[in-house]
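Asker: Have a peek at query_25.cif (mmCIF, C-alpha atoms and all ligand atoms).
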data_work
loop_
_atom_site.label_atom_id
_atom_site.label_comp_id
_atom_site.auth_asym_id
_atom_site.auth_seq_id
_atom_site.Cartn_x
_atom_site.Cartn_y
_atom_site.Cartn_z
CA MET D 1 0.00 0.00 0.00
CA ILE D 2 1.33 3.40 -0.92
CA THR D 3 0.49 4.77 2.58
CA ASP D 4 2.95 2.26 4.05
CA ILE D 5 5.85 3.94 2.35
CA VAL D 6 4.93 7.62 2.34
CA SER D 7 3.28 9.82 4.92
CA PRO D 8 -0.10 11.45 4.14
CA LYS D 9 1.76 14.77 3.89
CA GLU D 10 4.17 13.39 1.30
CA LEU D 11 1.29 11.72 -0.52
CA LYS D 12 -0.12 15.15 -1.33
CA LYS D 13 3.06 15.99 -3.23
CA ILE D 14 2.65 13.04 -5.61
CA ALA D 15 0.98 13.93 -8.89
CA PRO D 16 -2.72 13.06 -8.66
CA VAL D 17 -3.87 9.93 -10.45
CA PHE D 18 -6.12 11.99 -12.74
CA GLY D 19 -3.06 14.09 -13.57
CA GLN D 20 -1.12 11.16 -15.02
CA LEU D 21 0.74 12.00 -18.20
CA SER D 22 -1.51 9.83 -20.35
CA PHE D 23 -4.80 10.61 -18.61
CA ASP D 24 -7.04 12.16 -21.22
CA ASN D 25 -10.57 12.36 -19.86
CA HIS D 26 -10.84 8.60 -19.46
CA GLU D 27 -14.29 7.66 -18.20
CA GLN D 28 -13.35 4.81 -15.91
CA ILE D 29 -10.29 2.89 -14.78
CA VAL D 30 -10.84 -0.39 -12.99
CA PHE D 31 -8.12 -2.01 -10.90
CA CYS D 32 -8.68 -5.75 -10.60
CA ASN D 33 -6.97 -7.72 -7.87
CA ASP D 34 -7.39 -11.35 -6.88
CA LYS D 35 -5.15 -12.83 -4.23
CA ASP D 36 -6.01 -16.47 -4.95
CA THR D 37 -5.07 -16.48 -8.63
CA GLY D 38 -2.46 -13.73 -8.42
CA LEU D 39 -4.42 -11.61 -10.90
CA LYS D 40 -3.48 -7.96 -11.10
CA ALA D 41 -5.12 -6.20 -14.02
CA ILE D 42 -6.23 -2.73 -15.07
CA ILE D 43 -9.16 -2.13 -17.38
CA GLY D 44 -9.22 1.28 -19.04
CA ILE D 45 -12.45 2.68 -20.47
CA HIS D 46 -11.58 5.82 -22.34
CA ASN D 47 -14.81 6.77 -24.05
CA THR D 48 -18.21 5.14 -24.66
CA VAL D 49 -20.01 7.82 -26.69
CA LEU D 50 -20.07 5.73 -29.88
CA GLY D 51 -20.70 2.41 -28.13
CA PRO D 52 -19.25 -0.04 -25.63
CA ALA D 53 -15.51 0.27 -25.11
CA LEU D 54 -13.87 -2.53 -27.07
CA GLY D 55 -10.18 -3.34 -27.00
CA GLY D 56 -7.85 -6.24 -26.39
CA THR D 57 -6.24 -7.53 -23.23
CA ARG D 58 -2.45 -7.37 -23.11
CA MET D 59 -0.43 -9.49 -20.69
CA TRP D 60 3.00 -8.03 -20.13
CA LYS D 61 5.72 -8.04 -17.51
CA TYR D 62 5.82 -4.31 -16.84
CA ASP D 63 8.78 -2.81 -14.99
CA THR D 64 6.42 -0.93 -12.67
CA GLU D 65 2.68 -0.70 -12.01
CA TRP D 66 2.81 2.90 -13.23
CA ASP D 67 4.08 1.63 -16.59
CA ALA D 68 1.08 -0.68 -16.78
CA LEU D 69 -1.29 2.18 -15.95
CA ASN D 70 0.38 4.39 -18.54
CA ASP D 71 0.07 1.66 -21.16
CA VAL D 72 -3.62 1.03 -20.55
CA LEU D 73 -4.35 4.76 -20.61
CA ARG D 74 -2.57 5.22 -23.95
CA LEU D 75 -3.92 2.08 -25.56
CA SER D 76 -7.55 2.61 -24.51
CA ARG D 77 -7.49 6.17 -25.85
CA GLY D 78 -6.05 4.88 -29.12
CA MET D 79 -8.97 2.46 -29.45
CA THR D 80 -11.50 5.30 -29.18
CA TYR D 81 -10.02 7.02 -32.22
CA LYS D 82 -9.40 3.80 -34.14
CA SER D 83 -13.06 2.79 -33.96
CA ALA D 84 -14.28 6.33 -34.58
CA ILE D 85 -12.21 6.84 -37.75
CA THR D 86 -13.21 3.39 -39.01
CA GLY D 87 -16.90 4.23 -38.67
CA LEU D 88 -17.64 1.57 -36.05
CA ASN D 89 -20.16 2.09 -33.27
CA LEU D 90 -17.66 1.30 -30.56
CA GLY D 91 -15.93 3.21 -27.82
CA GLY D 92 -12.34 2.81 -26.72
CA GLY D 93 -11.10 0.46 -24.05
CA LYS D 94 -8.22 -1.82 -23.28
CA ALA D 95 -7.03 -4.06 -20.46
CA VAL D 96 -3.62 -5.00 -19.18
CA ILE D 97 -2.77 -7.98 -17.01
CA LEU D 98 0.47 -7.54 -15.10
CA GLY D 99 2.70 -10.58 -15.44
CA ASP D 100 4.59 -12.86 -17.75
CA ALA D 101 2.20 -14.52 -20.19
CA LYS D 102 4.56 -17.45 -20.66
CA THR D 103 4.87 -18.39 -16.99
CA GLN D 104 2.04 -16.69 -15.06
CA LYS D 105 -1.01 -17.12 -17.26
CA THR D 106 -3.25 -19.84 -15.81
CA PRO D 107 -6.83 -20.83 -16.69
CA GLU D 108 -7.93 -19.76 -13.19
CA LEU D 109 -6.38 -16.31 -13.65
CA MET D 110 -8.05 -15.86 -17.06
CA LEU D 111 -11.44 -16.93 -15.68
CA ARG D 112 -11.14 -14.50 -12.78
CA PHE D 113 -10.22 -11.78 -15.24
CA GLY D 114 -13.31 -12.69 -17.28
CA GLU D 115 -15.47 -12.26 -14.17
CA PHE D 116 -14.11 -8.74 -13.70
CA VAL D 117 -14.93 -7.97 -17.34
CA HIS D 118 -18.42 -9.36 -16.76
CA SER D 119 -18.91 -7.18 -13.68
CA LEU D 120 -18.79 -4.11 -15.93
CA GLY D 121 -22.03 -5.23 -17.57
CA GLY D 122 -20.87 -4.73 -21.16
CA ARG D 123 -19.37 -1.25 -20.82
CA TYR D 124 -16.09 -2.95 -21.72
CA ILE D 125 -15.74 -5.79 -24.25
CA THR D 126 -12.42 -7.57 -24.38
CA ALA D 127 -10.43 -9.26 -27.16
CA GLU D 128 -6.95 -10.63 -27.83
CA ASP D 129 -3.76 -8.57 -27.67
CA VAL D 130 -0.07 -9.22 -27.01
CA GLY D 131 0.38 -12.22 -24.69
CA MET D 132 -3.11 -13.58 -25.42
CA ALA D 133 -4.29 -16.35 -27.71
CA THR D 134 -7.67 -17.14 -29.24
CA SER D 135 -7.95 -20.03 -26.76
CA ASP D 136 -7.73 -17.52 -23.87
CA MET D 137 -10.70 -15.65 -25.30
CA ASP D 138 -12.59 -18.93 -25.59
CA LEU D 139 -11.98 -19.46 -21.89
CA VAL D 140 -13.12 -15.95 -20.96
CA ARG D 141 -16.25 -16.59 -23.04
CA THR D 142 -17.30 -19.29 -20.55
CA VAL D 143 -17.84 -16.64 -17.86
CA THR D 144 -18.94 -13.60 -19.87
CA PRO D 145 -20.51 -12.76 -23.24
CA TYR D 146 -18.48 -9.52 -23.28
CA VAL D 147 -15.57 -10.96 -25.25
CA THR D 148 -14.70 -11.10 -28.95
CA GLY D 149 -11.98 -12.78 -30.98
CA ILE D 150 -13.13 -16.28 -30.12
CA SER D 151 -12.42 -19.29 -32.34
CA GLU D 152 -14.25 -19.77 -35.61
CA ASP D 153 -15.46 -23.21 -34.51
CA LYS D 154 -17.09 -21.53 -31.49
CA GLY D 155 -18.87 -19.00 -33.68
CA GLY D 156 -16.21 -16.28 -33.55
CA ALA D 157 -14.30 -14.47 -36.29
CA GLY D 158 -10.98 -16.11 -35.35
CA ASN D 159 -7.48 -14.67 -35.50
CA PRO D 160 -7.64 -10.98 -36.49
CA SER D 161 -3.97 -10.66 -37.56
CA PRO D 162 -4.32 -11.55 -41.28
CA ILE D 163 -7.07 -8.93 -41.64
CA THR D 164 -4.98 -6.38 -39.76
CA ALA D 165 -2.12 -7.06 -42.18
CA TYR D 166 -4.43 -6.66 -45.17
CA GLY D 167 -5.60 -3.27 -43.85
CA VAL D 168 -2.00 -2.14 -43.32
CA PHE D 169 -1.24 -3.23 -46.88
CA MET D 170 -4.20 -1.16 -48.13
CA GLY D 171 -3.02 1.87 -46.12
CA MET D 172 0.52 1.45 -47.45
CA LYS D 173 -0.75 1.30 -51.04
CA ALA D 174 -2.78 4.47 -50.50
CA ALA D 175 0.31 6.21 -49.09
CA ALA D 176 2.28 5.09 -52.17
CA LYS D 177 -0.45 6.45 -54.44
CA PHE D 178 -0.21 9.76 -52.60
CA ALA D 179 3.60 9.91 -52.56
CA TYR D 180 4.48 8.41 -55.95
CA GLY D 181 1.25 8.71 -57.97
CA SER D 182 0.94 4.92 -58.20
CA ASP D 183 -0.06 2.34 -55.62
CA ILE D 184 1.94 -0.47 -57.20
CA LEU D 185 4.58 -1.58 -54.74
CA GLU D 186 6.61 -3.68 -57.17
CA ASP D 187 10.35 -3.05 -56.67
CA LYS D 188 9.75 -0.70 -53.74
CA LYS D 189 12.23 -1.34 -50.96
CA VAL D 190 10.18 -2.04 -47.83
CA PHE D 191 11.54 -2.72 -44.34
CA VAL D 192 9.16 -4.73 -42.14
CA GLN D 193 10.24 -4.45 -38.51
CA GLY D 194 8.77 -7.35 -36.51
CA ILE D 195 7.48 -10.34 -38.42
CA GLY D 196 5.05 -11.75 -35.87
CA ASN D 197 1.42 -12.52 -36.63
CA VAL D 198 0.76 -9.29 -38.52
CA GLY D 199 4.25 -8.68 -39.91
CA GLU D 200 4.47 -12.08 -41.54
CA ALA D 201 1.10 -11.71 -43.27
CA LEU D 202 2.17 -8.25 -44.48
CA VAL D 203 5.39 -9.71 -45.91
CA GLU D 204 3.28 -12.19 -47.85
CA HIS D 205 1.19 -9.43 -49.48
CA LEU D 206 4.30 -7.42 -50.29
CA SER D 207 6.15 -10.38 -51.78
CA ASN D 208 3.15 -11.29 -53.92
CA GLU D 209 3.24 -7.78 -55.33
CA GLY D 210 6.96 -8.00 -56.14
CA ALA D 211 8.23 -5.56 -53.51
CA ASN D 212 11.83 -5.82 -52.36
CA VAL D 213 11.18 -6.84 -48.75
CA PHE D 214 13.70 -6.62 -45.90
CA ILE D 215 12.78 -8.12 -42.54
CA THR D 216 13.98 -7.65 -38.95
CA ASP D 217 12.98 -9.42 -35.76
CA ILE D 218 14.56 -10.37 -32.45
CA SER D 219 13.85 -14.02 -33.24
CA ARG D 220 16.36 -15.59 -35.65
CA GLU D 221 14.13 -18.61 -36.09
CA ARG D 222 11.21 -16.49 -37.27
CA LEU D 223 13.47 -14.53 -39.60
CA GLU D 224 14.74 -17.65 -41.33
CA ASN D 225 11.26 -19.12 -41.54
CA VAL D 226 9.73 -16.00 -43.12
CA ARG D 227 12.71 -15.51 -45.43
CA ASP D 228 12.34 -19.04 -46.75
CA LYS D 229 8.57 -18.78 -47.20
CA TYR D 230 8.41 -15.45 -49.01
CA HIS D 231 11.92 -14.85 -50.44
CA ALA D 232 12.41 -11.82 -48.19
CA THR D 233 15.88 -10.59 -47.23
CA ILE D 234 16.97 -10.68 -43.60
CA TYR D 235 18.41 -7.30 -42.62
CA GLU D 236 21.77 -8.10 -41.03
CA GLY D 237 22.76 -4.54 -40.06
CA ASP D 238 22.21 -3.01 -36.64
CA ASN D 239 20.45 0.23 -37.47
CA LEU D 240 17.65 -0.05 -39.97
CA TYR D 241 16.62 3.59 -39.46
CA GLY D 242 19.68 4.83 -41.33
CA GLU D 243 19.15 2.55 -44.34
CA GLU D 244 18.06 3.67 -47.79
CA MET D 245 14.46 2.52 -48.24
CA ASP D 246 11.15 3.56 -49.72
CA ILE D 247 8.85 2.35 -46.96
CA TYR D 248 9.33 1.69 -43.26
CA ALA D 249 6.70 -0.65 -41.76
CA PRO D 250 6.86 -0.81 -37.94
CA CYS D 251 5.11 -4.02 -36.92
CA ALA D 252 6.69 -4.73 -33.53
CA LEU D 253 6.56 -2.18 -30.74
CA GLY D 254 5.30 1.39 -30.34
CA ALA D 255 7.27 4.65 -30.06
CA THR D 256 9.88 3.74 -32.68
CA ILE D 257 9.31 7.12 -34.34
CA ASN D 258 11.10 9.53 -32.09
CA ASP D 259 13.78 12.25 -31.92
CA ASP D 260 16.57 9.77 -32.67
CA THR D 261 15.01 7.84 -35.50
CA ILE D 262 13.36 10.68 -37.43
CA ASP D 263 16.73 12.34 -37.85
CA GLN D 264 18.08 9.23 -39.53
CA LEU D 265 15.07 8.02 -41.50
CA LYS D 266 15.42 8.11 -45.27
CA ALA D 267 12.08 6.42 -46.00
CA LYS D 268 9.47 8.31 -48.02
CA ILE D 269 6.57 6.50 -46.33
CA ILE D 270 5.86 5.08 -42.88
CA ALA D 271 3.02 2.56 -42.79
CA GLY D 272 2.89 -0.26 -40.26
CA ALA D 273 0.77 -2.16 -37.76
CA ALA D 274 2.30 -1.24 -34.40
CA ASN D 275 0.12 0.81 -32.06
CA ASN D 276 1.29 4.24 -30.85
CA GLN D 277 4.18 4.52 -33.32
CA LEU D 278 4.81 8.22 -32.63
CA ALA D 279 6.58 8.61 -29.28
CA GLU D 280 4.95 12.07 -29.03
CA GLU D 281 2.02 12.53 -31.38
CA GLN D 282 2.22 16.29 -31.92
CA LYS D 283 5.97 16.78 -31.90
CA HIS D 284 6.91 13.76 -33.99
CA GLY D 285 3.96 14.09 -36.36
CA LYS D 286 5.21 17.57 -37.17
CA MET D 287 8.84 16.46 -37.53
CA LEU D 288 7.77 13.87 -40.10
CA ARG D 289 5.76 16.45 -42.02
CA ASP D 290 8.69 18.89 -42.02
CA LYS D 291 10.93 16.15 -43.41
CA GLY D 292 8.43 15.29 -46.14
CA ILE D 293 7.86 11.76 -44.87
CA VAL D 294 4.32 10.51 -45.54
CA TYR D 295 3.01 8.98 -42.33
CA ALA D 296 -0.07 6.75 -42.60
CA PRO D 297 -1.53 7.05 -39.06
CA ASP D 298 -1.29 3.74 -37.22
CA PHE D 299 -4.74 3.86 -35.63
CA LEU D 300 -6.26 4.28 -39.08
CA ILE D 301 -4.44 1.59 -41.05
CA ASN D 302 -4.22 -1.11 -38.35
CA ALA D 303 -8.01 -1.19 -37.81
CA GLY D 304 -8.51 -4.49 -39.67
CA GLY D 305 -8.36 -6.39 -36.39
CA ILE D 306 -11.15 -4.39 -34.79
CA ILE D 307 -13.22 -4.66 -37.98
CA ASN D 308 -12.78 -8.42 -37.70
CA VAL D 309 -13.93 -8.67 -34.08
CA TYR D 310 -16.76 -6.16 -34.57
CA ALA D 311 -18.23 -8.69 -37.02
CA GLU D 312 -18.96 -10.94 -34.04
CA LEU D 313 -21.10 -8.24 -32.43
CA GLU D 314 -22.86 -7.13 -35.60
CA ASN D 315 -23.14 -10.55 -37.20
CA TYR D 316 -21.60 -9.69 -40.51
CA GLY D 317 -19.50 -12.14 -42.50
CA LYS D 318 -16.08 -12.37 -44.15
CA GLN D 319 -17.12 -10.45 -47.27
CA GLU D 320 -18.18 -7.43 -45.28
CA ILE D 321 -15.00 -7.67 -43.17
CA ILE D 322 -12.93 -7.53 -46.38
CA ARG D 323 -15.00 -4.67 -47.81
CA LYS D 324 -14.63 -2.57 -44.67
CA THR D 325 -10.90 -3.34 -44.50
CA GLU D 326 -10.35 -2.43 -48.15
CA ASN D 327 -11.98 0.89 -47.42
CA ILE D 328 -8.89 1.75 -45.34
CA TYR D 329 -7.32 2.56 -48.73
CA ASN D 330 -9.91 5.30 -49.45
CA THR D 331 -9.86 6.73 -45.94
CA THR D 332 -6.05 6.88 -45.91
CA LEU D 333 -5.93 8.67 -49.25
CA GLU D 334 -8.61 11.10 -48.08
CA ILE D 335 -6.70 11.87 -44.90
CA LEU D 336 -3.32 12.33 -46.57
CA THR D 337 -4.93 14.70 -49.08
CA LYS D 338 -6.73 16.61 -46.34
CA ALA D 339 -3.52 16.98 -44.31
CA GLN D 340 -1.72 18.42 -47.31
CA ALA D 341 -4.55 20.83 -48.17
CA LYS D 342 -4.86 22.09 -44.59
CA ASN D 343 -1.12 22.02 -43.93
CA ILE D 344 -1.57 19.89 -40.82
CA THR D 345 -0.03 16.58 -39.79
CA THR D 346 -1.58 13.37 -41.07
CA PHE D 347 -2.06 12.31 -37.45
CA ASN D 348 -4.10 15.44 -36.73
CA ALA D 349 -6.07 15.13 -39.97
CA ALA D 350 -7.19 11.63 -38.94
CA PHE D 351 -7.71 12.63 -35.33
CA GLU D 352 -9.96 15.58 -36.28
CA ILE D 353 -12.30 13.35 -38.30
CA ALA D 354 -12.52 10.81 -35.49
CA GLN D 355 -13.16 13.50 -32.86
CA ALA D 356 -15.82 15.16 -35.05
CA ARG D 357 -17.69 11.86 -35.30
CA ILE D 358 -17.63 11.46 -31.50
CA ASP D 359 -18.73 15.06 -30.93
CA ALA D 360 -21.59 14.76 -33.41
CA ARG D 361 -22.90 11.62 -31.68
CA LYS D 362 -22.59 13.28 -28.29
CA ASN D 363 -24.65 16.22 -29.48
CA GLU D 364 -27.37 13.90 -30.77
CA LYS D 365 -27.79 12.38 -27.32
P1 LIG K 401 3.38 -10.47 -32.38
O1 LIG K 401 3.73 -10.54 -30.94
O2 LIG K 401 2.83 -11.68 -33.07
O3 LIG K 401 4.66 -9.99 -33.26
C1 LIG K 401 5.57 -9.04 -32.86
C2 LIG K 401 6.92 -9.44 -33.44
O4 LIG K 401 7.84 -8.37 -33.20
C3 LIG K 401 7.52 -10.70 -32.82
O5 LIG K 401 7.93 -11.59 -33.83
C4 LIG K 401 8.69 -10.17 -32.00
O6 LIG K 401 9.76 -11.11 -31.94
C5 LIG K 401 9.07 -8.96 -32.81
N1 LIG K 401 9.84 -7.94 -32.07
C6 LIG K 401 9.75 -7.59 -30.78
N2 LIG K 401 10.63 -6.61 -30.49
C7 LIG K 401 11.27 -6.33 -31.66
C8 LIG K 401 12.29 -5.42 -32.02
N3 LIG K 401 12.81 -4.58 -31.13
N4 LIG K 401 12.70 -5.41 -33.31
C9 LIG K 401 12.20 -6.26 -34.23
N5 LIG K 401 11.23 -7.15 -33.93
C10 LIG K 401 10.77 -7.18 -32.66
O7 LIG K 401 2.36 -9.23 -32.49
P2 LIG K 401 1.37 -8.91 -33.69
O8 LIG K 401 0.03 -9.45 -33.34
O9 LIG K 401 1.99 -9.27 -34.97
O10 LIG K 401 1.27 -7.31 -33.56
C11 LIG K 401 2.32 -6.49 -34.01
C12 LIG K 401 2.00 -5.03 -33.64
O11 LIG K 401 0.77 -4.65 -34.28
C13 LIG K 401 1.79 -4.80 -32.15
O12 LIG K 401 2.29 -3.51 -31.84
C14 LIG K 401 0.27 -4.82 -31.99
O13 LIG K 401 -0.15 -4.07 -30.88
C15 LIG K 401 -0.16 -4.20 -33.30
N6 LIG K 401 -1.51 -4.59 -33.73
C16 LIG K 401 -1.82 -5.90 -33.89
C17 LIG K 401 -3.09 -6.25 -34.31
C18 LIG K 401 -3.48 -7.69 -34.55
O14 LIG K 401 -4.53 -7.95 -35.15
N7 LIG K 401 -2.67 -8.66 -34.13
C19 LIG K 401 -4.07 -5.25 -34.55
C20 LIG K 401 -3.70 -3.90 -34.39
C21 LIG K 401 -2.43 -3.58 -33.97
#
Any chance you could put this one into structure tokens?
Ligand code: NAD

Answerer:
Amino acid sequence: MITDIVSPKELKKIAPVFGQLSFDNHEQIVFCNDKDTGLKAIIGIHNTVLGPALGGTRMWKYDTEWDALNDVLRLSRGMTYKSAITGLNLGGGKAVILGDAKTQKTPELMLRFGEFVHSLGGRYITAEDVGMATSDMDLVRTVTPYVTGISEDKGGAGNPSPITAYGVFMGMKAAAKFAYGSDILEDKKVFVQGIGNVGEALVEHLSNEGANVFITDISRERLENVRDKYHATIYEGDNLYGEEMDIYAPCALGATINDDTIDQLKAKIIAGAANNQLAEEQKHGKMLRDKGIVYAPDFLINAGGIINVYAELENYGKQEIIRKTENIYNTTLEILTKAQAKNITTFNAAFEIAQARIDARKNEK
């Protein structure tokens, strides 16, 4: 307990919880604790104006509990704008479970987590994220209906990653159309950073189109596997940011676009799947614009996954999932054009449209 280590007087000096760096008018934050299973989780509900807050559960071994809180605040906010820009009737939410998914995830812990989700009565709907598998969602489904991303044989829409990759591919093509006048990626030199579930599927699309694909990952085994499957080239250097390339596709972690990397980047386009790519949205969005790098906003082009899980709530099928995901091409082109016309960052151009949709719905109520 924090009062064990600081006096009430000192406590007053600590920044208030609502004053956290990433707190941005979040509606509700729920701290879940269960001694028996060892569950420690935080559910973040950022905004429910457009609908219930939907977003995945991430299990991660955070350095500190504050890091976990910061992550859930940032990720849940991102979901609000992702669903809004995609035209879905969903709000933004996310959950984090503190711990190592490889060693600390037990069925009992997941079931207890599901009960906490259930206790929110549908204000928050969960799904898969880093550290989770479709089978975990199937388990959660046994204690609450407020979960998506369950297996196809249990009536769900299955693994969202291939659809996410297809949406990123559509966004990348739109960015190429904007930057080069053609959306054909043949012979374009593309660096895919992180070839996990989404990255690998993106490499497949790029290879099929004849792009010159370079791959990086921290797993040598994955690199060799993906190289052999799609004739991609493993990047053997130690600083991809300084390499000559046409397109940089971050598909691993967030915040890779920052003071250090922007200085070095020679890419014309950034289009990838990772969430929260800009370390600081305003500052780094502007730095990219000043350097003439076309940035396809992450929360816009990686929405395929949420389109996929939304199908479970709205009962639409694969064809409609594909149609909605292909539309990411049109929306991206529209946003890049708008940003240029208004001389604003592409991030802000996308953000404005999303916010306007939320405000309009709020005014209707
Ligand atoms: P994943 O865990 O399957 O893949 C991530 C890959 O990145 C792994 O292969 C990992 O080894 C690699 N990696 C980790 N650190 C790295 C580093 N420093 N350099 C290079 N590679 C590194 O995750 P995923 O489902 O493919 O998701 C990738 C990103 O896209 C994540 O940021 C995720 O939040 C985001 N995203 C995923 C989906 C989805 O449908 N899966 C939807 C939207 C956004």

Asker: Please, which residues in chain D fall within 7 Å of ligand LIG 401 (chain K) when counting all atoms listed in the file, and what is the closest atom pair and distance in Å to one decimal for each, ordered by chain then residue number, as a Markdown table?

Answerer:
| residue | atom | partner | partner_atom | distance |
| --- | --- | --- | --- | --- |
| D:Asp129 | CA | K:LIG401 | N7 | 6.6 |
| D:Val130 | CA | K:LIG401 | O1 | 5.6 |
| D:Pro160 | CA | K:LIG401 | O14 | 4.5 |
| D:Ser161 | CA | K:LIG401 | O14 | 3.7 |
| D:Thr164 | CA | K:LIG401 | O14 | 4.9 |
| D:Gln193 | CA | K:LIG401 | C9 | 5.0 |
| D:Gly194 | CA | K:LIG401 | N5 | 3.6 |
| D:Ile195 | CA | K:LIG401 | O5 | 4.8 |
| D:Gly196 | CA | K:LIG401 | O3 | 3.2 |
| D:Asn197 | CA | K:LIG401 | O9 | 3.7 |
| D:Val198 | CA | K:LIG401 | O9 | 3.8 |
| D:Gly199 | CA | K:LIG401 | O9 | 5.5 |
| D:Thr216 | CA | K:LIG401 | C9 | 5.2 |
| D:Asp217 | CA | K:LIG401 | N5 | 3.4 |
| D:Ile218 | CA | K:LIG401 | N5 | 4.9 |
| D:Ser219 | CA | K:LIG401 | O6 | 5.2 |
| D:Arg222 | CA | K:LIG401 | O5 | 6.8 |
| D:Cys251 | CA | K:LIG401 | C12 | 4.6 |
| D:Ala252 | CA | K:LIG401 | O4 | 3.8 |
| D:Leu253 | CA | K:LIG401 | O12 | 4.6 |
| D:Gly254 | CA | K:LIG401 | O12 | 5.9 |
| D:Ala273 | CA | K:LIG401 | O11 | 4.3 |
| D:Ala274 | CA | K:LIG401 | O12 | 3.4 |
| D:Asn275 | CA | K:LIG401 | O12 | 4.8 |
| D:Asn302 | CA | K:LIG401 | C20 | 4.9 |
| D:Ala303 | CA | K:LIG401 | C20 | 6.1 |
| D:Gly304 | CA | K:LIG401 | C19 | 6.8 |
| D:Gly305 | CA | K:LIG401 | O14 | 4.3 |

Asker: Identify the residues around (-15.8, 11.1, -33.2) within a radius of 12 Å, measuring from only C-alpha atoms in the coordinates stated by the file, and give them as a VMD selection string.

Answerer: chain D and resid 47 to 51 79 to 92 350 to 363

Asker: Quick check, in Å to one decimal: how far apart do atom CA of Gly317 of chain D and atom CA of Pro52 of chain D lie?

Answerer: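 Going from atom CA of Gly317 of chain D over to atom CA of Pro52 of chain D, I get 20.8 Å.
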
Asker: Record the distance separating atom CA of Leu139 of chain D and atom CA of Lys324 of chain D, expressed in Å with one decimal.

Answerer: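 Spanning atom CA of Leu139 of chain D to atom CA of Lys324 of chain D is a straight-line distance of 28.5 Å.
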
Asker: Interatomic distance between atom CA of Arg58 of chain D and atom CA of Ser22 of chain D?

Answerer: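 Pair atom CA of Arg58 of chain D / atom CA of Ser22 of chain D returns 17.4 Å.
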
Asker: How big is the axis-aligned box around all listed atoms of segment 101-106 of chain D once 6 Å goes on each side, and where's its centre, in Å to one decimal, as AutoDock Vina command-line options?

Answerer:
--center_x 0.8 --center_y -17.2 --center_z -17.9 --size_x 20.1 --size_y 17.3 --size_z 17.6

Asker: From the options D:Ile262, D:Asn330, D:Gly122, D:Ile335, which residue's atoms come nearest to Asp183 of chain D, counting all atoms listed in the file?

Answerer: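 Closest residue, counting all atoms listed in the file: D:Asn330.
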
Asker: Just checking: using only C-alpha atoms, which residue out of D:Ser207, D:Thr233, D:Asn212, D:Thr345 ends up closest to Val190 of chain D?

Answerer: D:Asn212

Asker: May I ask which of the residues D:Gly158, D:Ala311, D:Phe214, D:Glu221 is the closest one to Glu236 of chain D, counting only C-alpha atoms?

Answerer: D:Phe214

Asker: Could you give me segment 302-313 of chain D completed to N, CA and C atoms, formatted as a PDB file, keeping the file's coordinate frame?

Answerer:
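File produced: selection.pdb:
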ATOM      1  N   ASN D 302      -4.259   0.210 -39.008  1.00  0.00           N
ATOM      2  CA  ASN D 302      -4.220  -1.110 -38.350  1.00  0.00           C
ATOM      3  C   ASN D 302      -5.585  -1.524 -37.790  1.00  0.00           C
ATOM      4  N   ALA D 303      -6.661  -0.937 -38.342  1.00  0.00           N
ATOM      5  CA  ALA D 303      -8.010  -1.190 -37.810  1.00  0.00           C
ATOM      6  C   ALA D 303      -8.633  -2.499 -38.290  1.00  0.00           C
ATOM      7  N   GLY D 304      -7.941  -3.234 -39.164  1.00  0.00           N
ATOM      8  CA  GLY D 304      -8.510  -4.490 -39.670  1.00  0.00           C
ATOM      9  C   GLY D 304      -8.908  -5.434 -38.547  1.00  0.00           C
ATOM     10  N   GLY D 305      -8.090  -5.475 -37.508  1.00  0.00           N
ATOM     11  CA  GLY D 305      -8.360  -6.390 -36.390  1.00  0.00           C
ATOM     12  C   GLY D 305      -9.663  -6.057 -35.696  1.00  0.00           C
ATOM     13  N   ILE D 306      -9.906  -4.768 -35.487  1.00  0.00           N
ATOM     14  CA  ILE D 306     -11.150  -4.390 -34.790  1.00  0.00           C
ATOM     15  C   ILE D 306     -12.354  -4.581 -35.715  1.00  0.00           C
ATOM     16  N   ILE D 307     -12.141  -4.390 -37.011  1.00  0.00           N
ATOM     17  CA  ILE D 307     -13.220  -4.660 -37.980  1.00  0.00           C
ATOM     18  C   ILE D 307     -13.593  -6.142 -37.897  1.00  0.00           C
ATOM     19  N   ASN D 308     -12.570  -6.967 -37.764  1.00  0.00           N
ATOM     20  CA  ASN D 308     -12.780  -8.420 -37.700  1.00  0.00           C
ATOM     21  C   ASN D 308     -13.584  -8.810 -36.445  1.00  0.00           C
ATOM     22  N   VAL D 309     -13.210  -8.267 -35.296  1.00  0.00           N
ATOM     23  CA  VAL D 309     -13.930  -8.670 -34.080  1.00  0.00           C
ATOM     24  C   VAL D 309     -15.315  -8.023 -33.995  1.00  0.00           C
ATOM     25  N   TYR D 310     -15.455  -6.851 -34.580  1.00  0.00           N
ATOM     26  CA  TYR D 310     -16.760  -6.160 -34.570  1.00  0.00           C
ATOM     27  C   TYR D 310     -17.805  -7.011 -35.294  1.00  0.00           C
ATOM     28  N   ALA D 311     -17.329  -7.805 -36.263  1.00  0.00           N
ATOM     29  CA  ALA D 311     -18.230  -8.690 -37.020  1.00  0.00           C
ATOM     30  C   ALA D 311     -18.974  -9.637 -36.075  1.00  0.00           C
ATOM     31  N   GLU D 312     -18.327 -10.010 -34.981  1.00  0.00           N
ATOM     32  CA  GLU D 312     -18.960 -10.940 -34.040  1.00  0.00           C
ATOM     33  C   GLU D 312     -20.140 -10.269 -33.322  1.00  0.00           C
ATOM     34  N   LEU D 313     -20.026  -8.965 -33.125  1.00  0.00           N
ATOM     35  CA  LEU D 313     -21.100  -8.240 -32.430  1.00  0.00           C
ATOM     36  C   LEU D 313     -22.231  -7.899 -33.380  1.00  0.00           C
TER      37      LEU D 313
END
